[in-house]
$ cat model.cif   # mmCIF, C-alpha atoms and all ligand atoms
data_entry
loop_
_atom_site.label_atom_id
_atom_site.label_comp_id
_atom_site.auth_asym_id
_atom_site.auth_seq_id
_atom_site.Cartn_x
_atom_site.Cartn_y
_atom_site.Cartn_z
CA MET Z 1 123.35 101.96 145.43
CA SER Z 2 125.11 99.93 142.75
CA MET Z 3 123.90 96.43 141.91
CA LEU Z 4 127.48 95.17 141.99
CA LYS Z 5 130.68 96.67 143.26
CA VAL Z 6 133.86 94.65 142.90
CA ASN Z 7 137.06 96.01 144.40
CA ASN Z 8 140.55 94.74 143.75
CA LEU Z 9 139.30 91.19 143.12
CA GLU Z 10 141.95 88.50 142.88
CA VAL Z 11 141.54 84.85 141.94
CA ALA Z 12 144.34 82.31 141.95
CA TYR Z 13 144.60 78.64 141.07
CA GLY Z 14 147.55 77.37 143.06
CA GLY Z 15 150.39 79.59 141.96
CA ILE Z 16 148.61 80.90 138.85
CA GLN Z 17 146.92 84.24 139.30
CA ALA Z 18 144.00 84.33 136.86
CA VAL Z 19 142.50 87.61 138.11
CA LYS Z 20 144.96 90.24 139.31
CA GLY Z 21 143.02 92.86 141.23
CA ILE Z 22 140.11 94.13 139.15
CA ASP Z 23 137.46 96.77 139.87
CA LEU Z 24 133.99 96.47 138.33
CA THR Z 25 130.80 98.40 139.00
CA ILE Z 26 127.35 97.69 137.62
CA GLU Z 27 124.44 100.02 138.28
CA LYS Z 28 120.87 98.78 138.55
CA GLY Z 29 119.31 98.25 135.14
CA GLU Z 30 122.59 98.37 133.24
CA LEU Z 31 123.78 95.91 130.65
CA VAL Z 32 127.55 95.78 130.95
CA THR Z 33 129.93 93.64 128.95
CA LEU Z 34 133.30 92.16 129.81
CA ILE Z 35 135.31 91.35 126.72
CA GLY Z 36 138.72 89.84 126.28
CA ALA Z 37 140.66 87.04 124.64
CA ASN Z 38 140.62 83.40 125.59
CA GLY Z 39 142.26 82.95 128.99
CA ALA Z 40 142.04 86.61 130.02
CA GLY Z 41 140.24 85.65 133.23
CA LYS Z 42 136.61 86.42 132.32
CA THR Z 43 135.15 83.06 133.32
CA SER Z 44 137.18 83.02 136.54
CA THR Z 45 135.70 86.42 137.38
CA LEU Z 46 132.12 85.26 136.81
CA ARG Z 47 132.59 82.00 138.70
CA THR Z 48 133.98 83.93 141.65
CA LEU Z 49 131.04 86.34 141.61
CA VAL Z 50 128.63 83.43 142.13
CA GLY Z 51 130.76 81.71 144.76
CA MET Z 52 131.97 78.85 142.56
CA GLU Z 53 135.60 79.91 142.96
CA LYS Z 54 137.13 81.35 146.09
CA LYS Z 55 138.61 84.81 145.74
CA SER Z 56 142.12 85.27 147.03
CA GLY Z 57 141.70 88.98 147.59
CA GLY Z 58 139.41 91.97 147.26
CA SER Z 59 135.73 92.45 147.93
CA ILE Z 60 132.39 91.81 146.22
CA VAL Z 61 129.36 93.83 147.25
CA TYR Z 62 126.11 92.71 145.64
CA ASP Z 63 122.94 94.72 146.15
CA GLY Z 64 124.52 96.49 149.10
CA GLN Z 65 125.78 93.36 150.86
CA ASP Z 66 129.22 91.86 151.11
CA ILE Z 67 128.68 88.33 149.79
CA SER Z 68 131.95 86.77 150.91
CA GLY Z 69 131.19 83.43 152.48
CA VAL Z 70 127.67 83.13 151.09
CA PRO Z 71 127.17 79.46 150.15
CA VAL Z 72 126.79 78.66 146.43
CA TYR Z 73 123.20 77.43 146.80
CA ASP Z 74 122.16 80.78 148.23
CA PHE Z 75 123.09 82.91 145.21
CA VAL Z 76 120.09 82.01 143.07
CA ARG Z 77 117.75 82.68 145.97
CA ARG Z 78 119.33 86.12 146.27
CA GLY Z 79 118.80 86.80 142.58
CA LEU Z 80 122.42 86.51 141.49
CA VAL Z 81 122.26 84.00 138.66
CA MET Z 82 124.85 82.79 136.15
CA ILE Z 83 124.24 81.11 132.83
CA PRO Z 84 127.48 79.17 132.39
CA GLU Z 85 129.54 78.69 129.27
CA GLY Z 86 128.25 75.50 127.66
CA ARG Z 87 124.72 76.24 129.01
CA GLY Z 88 124.51 73.49 131.68
CA VAL Z 89 121.03 72.27 130.76
CA PHE Z 90 119.70 69.06 132.28
CA ALA Z 91 119.96 66.71 129.29
CA LYS Z 92 117.57 64.08 130.65
CA LEU Z 93 114.83 66.57 131.54
CA THR Z 94 112.36 68.06 129.10
CA VAL Z 95 112.46 71.70 128.07
CA GLU Z 96 109.62 72.54 130.45
CA GLU Z 97 111.19 70.61 133.34
CA ASN Z 98 114.42 72.54 132.77
CA LEU Z 99 112.51 75.83 132.93
CA ARG Z 100 110.85 74.72 136.16
CA MET Z 101 114.25 73.96 137.70
CA GLY Z 102 114.88 77.71 137.50
CA ALA Z 103 111.85 78.23 139.74
CA TYR Z 104 113.13 75.79 142.35
CA TYR Z 105 113.01 78.36 145.13
CA ARG Z 106 109.64 79.80 144.18
CA ASN Z 107 106.22 78.59 145.23
CA ASP Z 108 103.98 81.04 143.39
CA GLU Z 109 102.60 78.55 140.88
CA ASP Z 110 100.58 81.22 139.03
CA GLY Z 111 103.66 83.41 138.65
CA ILE Z 112 105.72 80.44 137.53
CA LYS Z 113 103.15 79.52 134.87
CA ALA Z 114 103.05 83.12 133.66
CA ASP Z 115 106.85 83.23 133.44
CA ILE Z 116 106.94 79.97 131.48
CA GLU Z 117 104.44 81.45 129.03
CA HIS Z 118 106.60 84.57 128.83
CA VAL Z 119 109.66 82.45 127.99
CA TYR Z 120 107.62 80.71 125.27
CA GLU Z 121 106.74 84.11 123.83
CA LEU Z 122 110.42 85.08 123.78
CA PHE Z 123 111.38 81.69 122.31
CA PRO Z 124 108.47 80.20 120.31
CA ARG Z 125 110.89 77.42 119.38
CA LEU Z 126 110.89 76.22 123.00
CA LYS Z 127 107.10 76.11 123.11
CA GLU Z 128 107.14 73.76 120.12
CA ARG Z 129 109.67 71.59 121.94
CA GLN Z 130 108.40 71.81 125.51
CA LYS Z 131 108.10 68.03 125.93
CA GLN Z 132 111.41 67.25 124.22
CA LEU Z 133 114.47 66.17 126.24
CA ALA Z 134 116.89 69.09 126.43
CA GLY Z 135 119.85 66.84 125.56
CA THR Z 136 118.40 66.29 122.09
CA LEU Z 137 118.21 70.00 121.25
CA SER Z 138 120.63 71.98 119.09
CA GLY Z 139 123.24 74.20 120.76
CA GLY Z 140 121.19 77.33 120.05
CA GLU Z 141 118.05 75.78 121.51
CA GLN Z 142 119.98 74.71 124.60
CA GLN Z 143 121.18 78.29 125.02
CA MET Z 144 117.54 79.37 124.86
CA VAL Z 145 116.64 76.81 127.54
CA ALA Z 146 119.47 78.08 129.75
CA MET Z 147 118.26 81.66 129.33
CA GLY Z 148 114.66 80.64 129.95
CA ARG Z 149 115.62 78.75 133.07
CA ALA Z 150 117.44 81.84 134.34
CA ILE Z 151 114.36 83.99 133.69
CA LEU Z 152 112.31 81.54 135.80
CA SER Z 153 114.56 82.28 138.76
CA ARG Z 154 113.60 85.99 138.57
CA PRO Z 155 117.20 87.25 138.57
CA LYS Z 156 118.20 90.69 139.80
CA LEU Z 157 121.67 90.36 138.31
CA LEU Z 158 122.17 87.93 135.46
CA LEU Z 159 125.68 86.86 134.48
CA LEU Z 160 125.97 85.41 131.00
CA ASP Z 161 129.12 83.56 130.00
CA GLU Z 162 129.76 83.44 126.25
CA PRO Z 163 126.21 82.86 125.03
CA SER Z 164 127.37 82.99 121.41
CA MET Z 165 129.93 80.22 121.78
CA GLY Z 166 129.71 77.59 119.04
CA LEU Z 167 126.52 78.97 117.51
CA ALA Z 168 125.79 79.85 113.88
CA PRO Z 169 125.65 83.61 113.14
CA LEU Z 170 121.87 83.69 112.67
CA ILE Z 171 121.25 81.98 116.01
CA VAL Z 172 123.74 84.33 117.67
CA GLU Z 173 121.71 87.31 116.37
CA LYS Z 174 118.59 85.77 117.85
CA ILE Z 175 120.25 85.16 121.23
CA PHE Z 176 121.50 88.75 121.36
CA GLU Z 177 118.06 90.04 120.47
CA ILE Z 178 116.74 88.23 123.55
CA VAL Z 179 119.62 89.54 125.68
CA ARG Z 180 118.48 93.02 124.66
CA LYS Z 181 114.85 92.20 125.54
CA ILE Z 182 115.69 90.74 128.95
CA SER Z 183 117.70 93.87 129.67
CA ALA Z 184 114.83 96.09 128.50
CA GLU Z 185 112.57 94.27 130.95
CA GLY Z 186 114.76 95.63 133.74
CA VAL Z 187 117.15 92.79 134.53
CA THR Z 188 120.67 94.02 135.28
CA MET Z 189 123.21 92.04 133.26
CA LEU Z 190 126.89 91.31 132.94
CA LEU Z 191 127.70 89.75 129.60
CA VAL Z 192 131.01 88.00 129.03
CA GLU Z 193 131.84 87.59 125.36
CA GLN Z 194 134.60 86.89 122.91
CA ASN Z 195 132.35 88.29 120.19
CA ALA Z 196 133.32 91.83 121.12
CA LYS Z 197 131.46 93.55 118.32
CA LEU Z 198 128.03 92.18 119.21
CA ALA Z 199 128.66 92.50 122.92
CA LEU Z 200 129.60 96.19 122.60
CA GLU Z 201 126.66 96.85 120.30
CA VAL Z 202 124.14 95.40 122.75
CA SER Z 203 125.61 96.83 125.99
CA GLN Z 204 125.78 100.31 127.49
CA ARG Z 205 129.23 100.00 129.04
CA GLY Z 206 132.14 97.68 128.68
CA TYR Z 207 135.33 96.49 130.33
CA VAL Z 208 138.28 95.00 128.48
CA MET Z 209 140.20 92.30 130.31
CA GLU Z 210 143.74 91.24 129.41
CA SER Z 211 145.88 88.76 131.35
CA GLY Z 212 143.85 89.10 134.51
CA ARG Z 213 143.63 92.90 134.49
CA ILE Z 214 141.08 95.47 133.31
CA THR Z 215 142.96 97.48 130.73
CA MET Z 216 140.15 99.65 129.35
CA SER Z 217 136.61 100.60 130.27
CA GLY Z 218 133.99 103.05 129.15
CA ASN Z 219 130.84 103.55 127.13
CA SER Z 220 130.40 100.72 124.67
CA LYS Z 221 130.04 103.21 121.81
CA ASP Z 222 133.42 104.76 122.66
CA LEU Z 223 135.04 101.34 122.98
CA LEU Z 224 133.65 100.36 119.56
CA ASP Z 225 135.37 103.43 118.12
CA ASP Z 226 138.60 102.95 120.03
CA GLU Z 227 141.51 102.06 117.80
CA ARG Z 228 143.10 99.64 120.26
CA VAL Z 229 139.80 97.80 120.67
CA ARG Z 230 139.26 97.75 116.92
CA ASN Z 231 142.70 96.31 116.30
CA ALA Z 232 142.70 93.76 119.10
CA TYR Z 233 139.07 92.64 119.26
CA LEU Z 234 137.16 93.65 116.17
CA GLY Z 235 139.59 92.18 113.68
CA GLU Z 236 140.34 95.48 111.96
P1 LIG H 1 137.73 81.56 128.18
O1 LIG H 1 137.35 82.40 127.04
O2 LIG H 1 138.49 80.33 127.81
O3 LIG H 1 136.59 81.25 129.09
P2 LIG H 1 138.59 83.37 130.17
O4 LIG H 1 138.91 84.77 129.81
O5 LIG H 1 137.25 83.14 130.72
O6 LIG H 1 138.81 82.42 128.96
P3 LIG H 1 139.58 81.93 132.40
O7 LIG H 1 138.86 80.70 131.99
O8 LIG H 1 139.05 82.68 133.54
O9 LIG H 1 139.70 82.90 131.17
O10 LIG H 1 141.10 81.56 132.65
C1 LIG H 1 142.06 82.48 133.14
C2 LIG H 1 143.36 81.75 133.44
O11 LIG H 1 143.18 80.88 134.56
C3 LIG H 1 143.88 80.88 132.31
O12 LIG H 1 145.26 80.97 132.31
C4 LIG H 1 143.42 79.50 132.70
O13 LIG H 1 144.28 78.53 132.17
C5 LIG H 1 143.49 79.54 134.20
N1 LIG H 1 142.48 78.66 134.82
C6 LIG H 1 141.13 78.74 134.67
N2 LIG H 1 140.49 77.82 135.40
C7 LIG H 1 141.46 77.11 136.04
C8 LIG H 1 141.46 76.01 136.96
N3 LIG H 1 140.32 75.46 137.38
N4 LIG H 1 142.66 75.56 137.39
C9 LIG H 1 143.81 76.13 136.98
N5 LIG H 1 143.90 77.16 136.15
C10 LIG H 1 142.74 77.65 135.66
#

$ encode --input "model.cif" --output "structure tokens" --more "lines below"
Ligand code: ATP
Amino acid sequence: MSMLKVNNLEVAYGGIQAVKGIDLTIEKGELVTLIGANGAGKTSTLRTLVGMEKKSGGSIVYDGQDISGVPVYDFVRRGLVMIPEGRGVFAKLTVEENLRMGAYYRNDEDGIKADIEHVYELFPRLKERQKQLAGTLSGGEQQMVAMGRAILSRPKLLLLDEPSMGLAPLIVEKIFEIVRKISAEGVTMLLVEQNAKLALEVSQRGYVMESGRITMSGNSKDLLDDERVRNAYLGE
């Protein structure tokens, strides 16, 4: 059984169709990327997967269940978690309080503590800043908090929207290293990125989205070698 099976998904804002009937499949344990230019419909797709936008057509089956009509607050409990573009950290809460927000639905205090320690091992920087207000952190550190908070919710499918956005190249490398680690720990992931090169290097499979449609898909290695991908997305 696939972790996610999307069939003919459509999303419209008034008269504007942002997503025009796409198919996506993610198997358990896979790290899949969705690349495409600004405005291609990537964010609309992710937001619809977690119930934040209403689909206008098609079906979404997550972990064997049709999730149409599932209320937004229920997605995290079911293990379907998105880290939004712009991170969405709680600026007035400390780093540790932000991490604990991810564990909102859990009551296994020992497990929560162990997961917080695990996040601090992945991001030693956050351990140093555990008592600091998240709003005072750099963009890269806020991305780390957002990823840590997601880990605390024990996701089964993690959707990451443009984690590299606005970050310096060195920090981006660090974030992608952690993406790779989280994936290696068994979390299934869908990574949306404009940085196509890094996204294809870190993932096993990829989809290319253009003007609301999937125009190419395949093994990330093959996409990296594909001339159309190279010309359009790798700046070659
Ligand atoms: P980005 O890299 O900017 O996130 P994207 O590939 O994620 O781009 P979307 O944000 O999904 O693309 O946008 C797809 C299309 O839908 C665009 O034409 C955009 O202007 C439009 N759109 C997105 N959100 C809304 C909204 N809330 N209301 C109206 N139109 C929207």

$ residues_near_ligand --input "model.cif" --ligand "ligand LIG 1 (chain H)" --cutoff "9 Å" --atoms "only C-alpha atoms and all ligand atoms" --output "MDAnalysis selection string"
chainID Z and resid 11:19 35:47 53 85 161:162 192:194 209:212

$ axis_aligned_box --input "model.cif" --around "region 119-129 of chain Z" --padding-each-side "5 Å" --output "AutoDock Vina command-line options"
--center_x 109.1 --center_y 78.3 --center_z 123.7 --size_x 14.6 --size_y 23.5 --size_z 18.6

$ residues_around --input "model.cif" --residues "Ala134 (chain Z)" --least-positions-apart "3" --cutoff "12 Å" --atoms "all atoms listed in the file" --output "NGL selection string"
:Z and (87-99 or 126 or 129-131 or 137-146 or 149)

$ atom_distance --input "model.cif" --atom1 "CA of Phe176 (chain Z)" --atom2 "CA of Ser164 (chain Z)"
8.2 Å

$ residues_near_point --input "model.cif" --point "(124.7, 101.3, 142.3)" --cutoff "6 Å" --atoms "only C-alpha atoms" --output "PyMOL selection string"
chain Z and resi 1-3+27-28

$ closest_residue --input "model.cif" --among "Z:Leu167, Z:Leu24, Z:Val119, Z:Leu198" --to "Ile182 (chain Z)" --atoms "all atoms listed in the file"
Z:Val119

$ closest_residue --input "model.cif" --among "Z:Val70, Z:Arg230, Z:Leu152, Z:Pro84" --to "Lys113 (chain Z)" --atoms "only C-alpha atoms"
Z:Leu152

$ build_atoms --input "model.cif" --residues "region 197-215 of chain Z" --atoms "N, CA, C and O atoms" --output "tab-separated table (two decimals), in the frame of the given file"
chain	number	residue	atom	x	y	z
Z	197	LYS	N	132.27	92.61	119.09
Z	197	LYS	CA	131.46	93.55	118.32
Z	197	LYS	C	130.01	93.51	118.79
Z	197	LYS	O	129.44	94.53	119.16
Z	198	LEU	N	129.43	92.31	118.77
Z	198	LEU	CA	128.03	92.18	119.21
Z	198	LEU	C	127.85	92.61	120.65
Z	198	LEU	O	126.88	93.28	121.00
Z	199	ALA	N	128.78	92.20	121.49
Z	199	ALA	CA	128.66	92.50	122.92
Z	199	ALA	C	128.68	94.02	123.15
Z	199	ALA	O	127.91	94.54	123.96
Z	200	LEU	N	129.53	94.73	122.43
Z	200	LEU	CA	129.60	96.19	122.60
Z	200	LEU	C	128.39	96.87	121.97
Z	200	LEU	O	127.96	97.94	122.41
Z	201	GLU	N	127.84	96.25	120.94
Z	201	GLU	CA	126.66	96.85	120.30
Z	201	GLU	C	125.42	96.74	121.19
Z	201	GLU	O	124.56	97.60	121.19
Z	202	VAL	N	125.35	95.64	121.96
Z	202	VAL	CA	124.14	95.40	122.75
Z	202	VAL	C	124.22	96.07	124.14
Z	202	VAL	O	123.21	96.35	124.76
Z	203	SER	N	125.44	96.36	124.61
Z	203	SER	CA	125.61	96.83	125.99
Z	203	SER	C	125.72	98.35	126.06
Z	203	SER	O	125.92	99.02	125.05
Z	204	GLN	N	125.60	98.87	127.28
Z	204	GLN	CA	125.78	100.31	127.49
Z	204	GLN	C	127.22	100.66	127.85
Z	204	GLN	O	127.74	101.68	127.46
Z	205	ARG	N	127.85	99.77	128.64
Z	205	ARG	CA	129.23	100.00	129.04
Z	205	ARG	C	130.02	98.73	128.91
Z	205	ARG	O	129.45	97.64	128.91
Z	206	GLY	N	131.33	98.87	128.82
Z	206	GLY	CA	132.14	97.68	128.68
Z	206	GLY	C	133.47	97.79	129.41
Z	206	GLY	O	133.95	98.88	129.71
Z	207	TYR	N	133.99	96.62	129.74
Z	207	TYR	CA	135.33	96.49	130.33
Z	207	TYR	C	136.13	95.56	129.42
Z	207	TYR	O	135.60	94.57	128.92
Z	208	VAL	N	137.40	95.88	129.25
Z	208	VAL	CA	138.28	95.00	128.48
Z	208	VAL	C	139.24	94.34	129.46
Z	208	VAL	O	139.88	95.03	130.27
Z	209	MET	N	139.33	93.03	129.39
Z	209	MET	CA	140.20	92.30	130.31
Z	209	MET	C	141.34	91.65	129.53
Z	209	MET	O	141.11	91.03	128.49
Z	210	GLU	N	142.55	91.84	130.03
Z	210	GLU	CA	143.74	91.24	129.41
Z	210	GLU	C	144.63	90.68	130.50
Z	210	GLU	O	144.99	91.41	131.42
Z	211	SER	N	144.98	89.40	130.37
Z	211	SER	CA	145.88	88.76	131.35
Z	211	SER	C	145.54	89.08	132.80
Z	211	SER	O	146.41	89.45	133.56
Z	212	GLY	N	144.25	88.96	133.13
Z	212	GLY	CA	143.85	89.10	134.51
Z	212	GLY	C	143.64	90.53	135.00
Z	212	GLY	O	143.33	90.75	136.17
Z	213	ARG	N	143.81	91.51	134.09
Z	213	ARG	CA	143.63	92.90	134.49
Z	213	ARG	C	142.62	93.60	133.59
Z	213	ARG	O	142.48	93.25	132.42
Z	214	ILE	N	141.94	94.62	134.14
Z	214	ILE	CA	141.08	95.47	133.31
Z	214	ILE	C	141.99	96.53	132.70
Z	214	ILE	O	142.62	97.30	133.41
Z	215	THR	N	142.05	96.54	131.37
Z	215	THR	CA	142.96	97.48	130.73
Z	215	THR	C	142.24	98.67	130.11
Z	215	THR	O	142.86	99.68	129.80
